[in-house]
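Dropping work.txt in here (compact mmCIF, C-alpha atoms):
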# COMPACT_ATOMS: atom_id res chain seq x y z
CA MET B 14 18.76 -8.76 -3.92
CA SER B 15 19.01 -10.49 -0.54
CA THR B 16 17.76 -14.04 -0.35
CA VAL B 17 17.04 -13.76 3.40
CA ILE B 18 14.53 -11.34 4.90
CA ARG B 19 14.62 -11.04 8.66
CA GLY B 20 12.42 -8.88 10.85
CA LYS B 21 9.26 -8.61 12.87
CA ALA B 22 6.09 -10.28 11.65
CA PHE B 23 2.64 -8.70 11.44
CA VAL B 24 -0.03 -11.39 11.57
CA VAL B 25 -3.45 -11.22 9.91
CA ARG B 26 -6.11 -13.87 9.35
CA ASP B 27 -8.09 -15.12 6.34
CA ASN B 28 -9.68 -13.13 3.51
CA ILE B 29 -7.77 -9.87 3.93
CA ASP B 30 -9.10 -7.90 1.00
CA THR B 31 -7.57 -5.04 -0.94
CA ASP B 32 -9.87 -2.54 0.83
CA GLN B 33 -8.28 -3.58 4.12
CA ILE B 34 -4.80 -3.42 2.58
CA ILE B 35 -5.35 0.08 1.16
CA PRO B 36 -8.77 1.72 1.70
CA ALA B 37 -10.41 3.21 -1.40
CA GLN B 38 -10.12 6.83 -0.20
CA TYR B 39 -6.32 6.63 -0.68
CA LEU B 40 -6.42 5.35 -4.26
CA ASN B 41 -6.08 8.91 -5.56
CA LEU B 42 -2.42 8.84 -4.47
CA VAL B 43 -0.10 8.36 -7.45
CA PRO B 44 2.66 5.82 -6.67
CA THR B 45 5.04 7.28 -9.30
CA ILE B 46 5.20 10.59 -7.36
CA PRO B 47 7.73 9.98 -4.53
CA GLU B 48 5.86 11.95 -1.83
CA GLU B 49 2.60 10.21 -2.71
CA TYR B 50 4.32 6.79 -2.80
CA ASP B 51 5.53 7.38 0.78
CA LYS B 52 2.10 8.60 1.87
CA LEU B 53 0.50 5.52 0.28
CA GLY B 54 2.74 3.36 2.47
CA SER B 55 1.60 5.18 5.59
CA TYR B 56 -1.94 3.90 4.94
CA ALA B 57 -0.99 0.23 4.36
CA LEU B 58 -3.38 -2.13 6.18
CA ALA B 59 -5.25 0.91 7.54
CA GLY B 60 -8.53 -0.79 6.65
CA LEU B 61 -8.11 -3.59 9.19
CA PRO B 62 -10.79 -3.47 11.89
CA GLU B 63 -9.23 -2.12 15.10
CA SER B 64 -11.49 -4.45 17.11
CA GLN B 65 -9.58 -7.43 15.66
CA TYR B 66 -6.12 -5.90 15.21
CA SER B 67 -5.00 -3.79 18.17
CA ALA B 68 -1.48 -3.31 16.78
CA ARG B 69 -1.33 -1.02 13.77
CA PHE B 70 0.82 -2.08 10.81
CA VAL B 71 2.07 1.50 10.39
CA PRO B 72 2.04 3.37 13.72
CA ALA B 73 0.00 6.60 13.81
CA GLY B 74 1.99 9.54 12.49
CA GLN B 75 4.62 7.29 10.90
CA MET B 76 5.37 6.63 7.22
CA LYS B 77 7.01 3.20 7.63
CA THR B 78 6.10 -0.05 9.34
CA PRO B 79 8.28 -1.80 11.92
CA TYR B 80 7.18 -5.12 10.35
CA ALA B 81 9.25 -6.58 7.49
CA ILE B 82 6.95 -9.55 6.84
CA VAL B 83 3.19 -10.01 6.87
CA ILE B 84 1.99 -13.47 7.89
CA ALA B 85 -1.50 -14.29 6.64
CA GLY B 86 -4.09 -17.02 6.38
CA ARG B 87 -6.03 -17.98 3.27
CA ASN B 88 -6.99 -15.77 0.32
CA PHE B 89 -4.77 -12.76 1.07
CA GLY B 90 -5.40 -9.84 -1.30
CA CYS B 91 -8.91 -10.81 -2.39
CA GLY B 92 -11.34 -8.19 -3.66
CA SER B 93 -10.58 -5.65 -6.34
CA SER B 94 -7.60 -5.80 -8.65
CA ARG B 95 -5.92 -2.62 -7.42
CA GLU B 96 -2.17 -2.47 -7.94
CA HIS B 97 -2.07 -0.03 -5.05
CA ALA B 98 -2.36 -2.95 -2.56
CA PRO B 99 1.12 -4.47 -3.00
CA ILE B 100 2.55 -1.01 -3.70
CA ALA B 101 1.21 0.33 -0.37
CA LEU B 102 2.72 -2.61 1.53
CA GLY B 103 6.06 -2.17 -0.24
CA ALA B 104 6.04 1.61 0.27
CA ALA B 105 5.51 1.00 3.99
CA GLY B 106 8.66 -1.13 4.07
CA CYS B 107 7.12 -4.60 3.97
CA GLN B 108 9.33 -6.97 1.99
CA ALA B 109 7.21 -10.14 1.87
CA VAL B 110 3.82 -11.62 2.61
CA VAL B 111 3.78 -15.28 3.62
CA ALA B 112 0.25 -16.66 3.36
CA GLU B 113 -1.61 -19.95 3.05
CA SER B 114 -2.95 -18.70 -0.27
CA PHE B 115 -3.26 -15.53 -2.30
CA ALA B 116 -5.94 -14.07 -4.51
CA ARG B 117 -4.56 -14.59 -8.01
CA ILE B 118 -4.70 -10.91 -9.02
CA PHE B 119 -2.87 -9.80 -5.85
CA PHE B 120 -0.12 -12.35 -6.48
CA ARG B 121 0.23 -11.18 -10.08
CA ASN B 122 0.33 -7.52 -8.98
CA CYS B 123 3.16 -8.35 -6.55
CA VAL B 124 5.14 -9.85 -9.41
CA ALA B 125 4.29 -7.08 -11.88
CA THR B 126 5.22 -4.26 -9.50
CA GLY B 127 8.17 -6.02 -7.85
CA GLU B 128 7.18 -4.43 -4.55
CA LEU B 129 7.28 -7.53 -2.36
CA TYR B 130 7.54 -11.30 -2.38
CA PRO B 131 4.20 -13.20 -2.15
CA VAL B 132 5.30 -16.50 -0.61
CA ASP B 133 2.98 -19.47 -0.17
CA ALA B 134 3.23 -21.29 3.15
CA THR B 135 2.80 -25.07 3.24
CA ALA B 136 0.89 -24.98 6.55
CA ARG B 137 -1.42 -22.69 8.50
CA ILE B 138 1.05 -20.30 10.11
CA CYS B 139 -1.16 -17.37 11.13
CA GLU B 140 -2.00 -19.29 14.32
CA THR B 141 1.65 -20.20 15.06
CA VAL B 142 3.34 -16.84 14.52
CA LYS B 143 2.31 -13.83 16.63
CA THR B 144 2.55 -10.15 15.71
CA GLY B 145 5.95 -8.90 16.81
CA ASP B 146 7.70 -12.28 16.56
CA GLU B 147 11.10 -12.14 14.88
CA VAL B 148 11.09 -14.32 11.76
CA GLU B 149 13.53 -15.13 9.00
CA LEU B 150 12.35 -15.90 5.48
CA ASP B 151 14.90 -17.65 3.28
CA LEU B 152 13.83 -17.41 -0.36
CA ASP B 153 16.51 -19.85 -1.54
CA LYS B 154 15.88 -22.55 1.06
CA ASN B 155 12.09 -21.99 0.99
CA THR B 156 11.82 -21.72 4.77
CA LEU B 157 10.35 -19.41 7.37
CA THR B 158 12.08 -19.66 10.75
CA LEU B 159 10.72 -18.40 14.06
CA VAL B 160 13.89 -16.93 15.52
CA ALA B 161 12.93 -17.29 19.21
CA ASN B 162 12.50 -21.07 19.14
CA GLY B 163 14.16 -22.09 15.86
CA LYS B 164 10.97 -23.66 14.48
CA VAL B 165 11.24 -24.00 10.69
CA ILE B 166 8.18 -23.90 8.43
CA SER B 167 8.40 -24.85 4.75
CA THR B 168 7.37 -22.40 2.06
CA LYS B 169 6.84 -22.90 -1.63
CA SER B 170 9.29 -21.68 -4.24
CA LEU B 171 8.42 -18.53 -6.15
CA GLY B 172 9.69 -20.27 -9.30
CA GLU B 173 9.79 -18.13 -12.42
CA ALA B 174 8.18 -15.19 -10.58
CA ARG B 175 11.25 -14.75 -8.38
CA PRO B 176 13.62 -13.18 -10.98
CA VAL B 177 10.87 -10.76 -12.02
CA ILE B 178 10.38 -9.58 -8.42
CA ASP B 179 14.17 -9.54 -7.87
CA ALA B 180 14.45 -7.20 -10.88
CA GLY B 181 11.90 -4.79 -9.40
CA GLY B 182 8.90 -5.75 -11.52
CA ILE B 183 7.94 -6.80 -14.99
CA PHE B 184 9.18 -3.70 -16.85
CA ASN B 185 12.58 -3.71 -15.14
CA PHE B 186 12.86 -7.45 -15.82
CA ALA B 187 11.97 -6.92 -19.48
CA ARG B 188 14.62 -4.19 -19.79
CA GLN B 189 17.28 -6.27 -18.00
CA THR B 190 16.66 -9.31 -20.19
CA GLY B 191 16.50 -7.34 -23.45
CA MET B 192 12.78 -7.92 -24.08
CA ILE B 193 12.30 -4.17 -24.33
CA LYS B 194 14.84 -1.41 -24.94
CA ALA B 195 16.07 0.48 -21.88
Could the structure of this file be written out as structure tokens, please?
Amino acid sequence: MSTVIRGKAFVVRDNIDTDQIIPAQYLNLVPTIPEEYDKLGSYALAGLPESQYSARFVPAGQMKTPYAIVIAGRNFGCGSSREHAPIALGAAGCQAVVAESFARIFFRNCVATGELYPVDATARICETVKTGDEVELDLDKNTLTLVANGKVISTKSLGEARPVIDAGGIFNFARQTGMIKA
């Protein structure tokens, strides 16, 4: 698993809830069915109000996002405990969310599913980074770099959650470490 994720950023603000990440009408999609997994990704962040977010995370008619990293404010992933939220982001092609803080259940669902890295920022970055900016997230150095100007922002370590996400989620981790039989 790569320790550096580089790509365009998609920036959201505070209190992005799971209904905004994946609206309830798409929860009937079954992530273990490949076609439905892909379709789930096409609806990632579809619940964001267009009046506040003119750029769409997944362009209309597309299945994947051009944004590798979501940059967020406080309390990302609040609301219901749906596992579909990190799965939808991962299915869309998002590899990480860097936020000031996460709702606990969203963070845990990211680890359990292994879909993406939920990285805590050490400063308010959703006002520094703009949607479309090229960024580089280094999971080993715990940094987020704005490629255009070289500005480096510290992030917190994922600690013991990192190997679980690297493995692709809790069940893959348990198999790889011999906790459960393959």
Could you give me, as a tab-separated table, a per-residue list for region 15-97 of chain B showing, wherever an atom lies at most 9 Å from an atom of region 118-139 of chain B, the closest pair of atoms and their distance in Å to one decimal, using all atoms listed in the file and sorting by chain then residue number from low to high?
residue	atom	partner	partner_atom	distance
B:Val24	CA	B:Cys139	CA	6.1
B:Val25	CA	B:Cys139	CA	6.7
B:Arg26	CA	B:Cys139	CA	6.3
B:Asp27	CA	B:Cys139	CA	8.7
B:Thr31	CA	B:Phe119	CA	8.3
B:Ile84	CA	B:Cys139	CA	6.0
B:Ala85	CA	B:Cys139	CA	5.5
B:Gly86	CA	B:Cys139	CA	5.6
B:Arg87	CA	B:Arg137	CA	8.4
B:Phe89	CA	B:Phe119	CA	7.8
B:Gly90	CA	B:Phe119	CA	5.2
B:Cys91	CA	B:Phe119	CA	7.0
B:Gly92	CA	B:Phe119	CA	8.9
B:Ser93	CA	B:Ile118	CA	8.3
B:Ser94	CA	B:Ile118	CA	5.9
B:Arg95	CA	B:Phe119	CA	8.0
B:Glu96	CA	B:Asn122	CA	5.7
B:His97	CA	B:Asn122	CA	8.8
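Here CA of Val165 (chain B) and CA of Val142 (chain B) stand 11.3 Å from one another.
The smallest atom-to-atom distance between Thr144 (chain B) and any of B:Gly182, B:Gly103, B:Gly20, B:Gly54, using all atoms listed in the file, is found for B:Gly20.
For the pair CA of Val17 (chain B) and CA of Ala104 (chain B), the interatomic distance is 19.2 Å.
With CA of Pro79 (chain B) on one side and CA of Gly106 (chain B) on the other, the separation reads 7.9 Å.
The shortest atom-to-atom distance to Glu113 (chain B), with only C-alpha atoms taken into account, belongs to B:Thr168 out of B:Gln38, B:Thr141, B:Thr168, B:Ser64.
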Residue contacts of region 148-164 of chain B (7 Å, only C-alpha atoms) excluding same-chain residues fewer than 6 positions away, as a PyMOL selection string:
chain B and resi 16-22+170
Selection to disk with C-alpha atoms, as a compact mmCIF listing (two decimals), in the frame of the given file:
# COMPACT_ATOMS: atom_id res chain seq x y z
CA THR B 16 17.76 -14.04 -0.35
CA VAL B 17 17.04 -13.76 3.40
CA ILE B 18 14.53 -11.34 4.90
CA ARG B 19 14.62 -11.04 8.66
CA GLY B 20 12.42 -8.88 10.85
CA LYS B 21 9.26 -8.61 12.87
CA ALA B 22 6.09 -10.28 11.65
CA SER B 170 9.29 -21.68 -4.24
Please list as a ChimeraX atom specification every residue within 7 Å of Leu58 (chain B), counting only C-alpha atoms and excluding residues in the same chain fewer than 4 positions away.
/B:33-35,70
Residues within 10 Å of Leu53 (chain B), please, as a list in words. Count all atoms listed in the file; anything in the same chain fewer than 3 positions from it doesn't count.
Ile35, Tyr39, Leu40, Asn41, Leu42, Val43, Pro44, Pro47, Glu48, Glu49, Tyr50, Tyr56, Ala57, Met76, His97, Ala98, Ile100, Ala101, Leu102, Gly103, Ala104 and Ala105 of chain B
For Ser114 (chain B), the closest of B:Ala73, B:Ala68, B:Lys169, B:Val177 counting all atoms listed in the file is B:Lys169
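Closest approach to Pro62 (chain B) among B:Ile183, B:Ile166, B:Ala109, B:Asp32 is made by B:Asp32 (distances from only C-alpha atoms).
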Counting all atoms listed in the file, find residues at most 8 Å from (-9.4, -16.8, -5.5) (file frame) and give them as a VMD selection string.
chain B and resid 88 91 115 to 117
Please dump the current selection as a PDB file, in the frame of the given file; keep C-alpha atoms.
ATOM      1  CA  ASN B  88      -6.990 -15.770   0.320  1.00  0.00           C
ATOM      2  CA  CYS B  91      -8.910 -10.810  -2.390  1.00  0.00           C
ATOM      3  CA  PHE B 115      -3.260 -15.530  -2.300  1.00  0.00           C
ATOM      4  CA  ALA B 116      -5.940 -14.070  -4.510  1.00  0.00           C
ATOM      5  CA  ARG B 117      -4.560 -14.590  -8.010  1.00  0.00           C
TER       6      ARG B 117
END
Excluding Ser55 (chain B) and its own-chain neighbours fewer than 3 positions away, which residues fall within 7 Å of it when counting all atoms listed in the file? Please give them as a PyMOL selection string.
chain B and resi 51-52+71+75-77+105
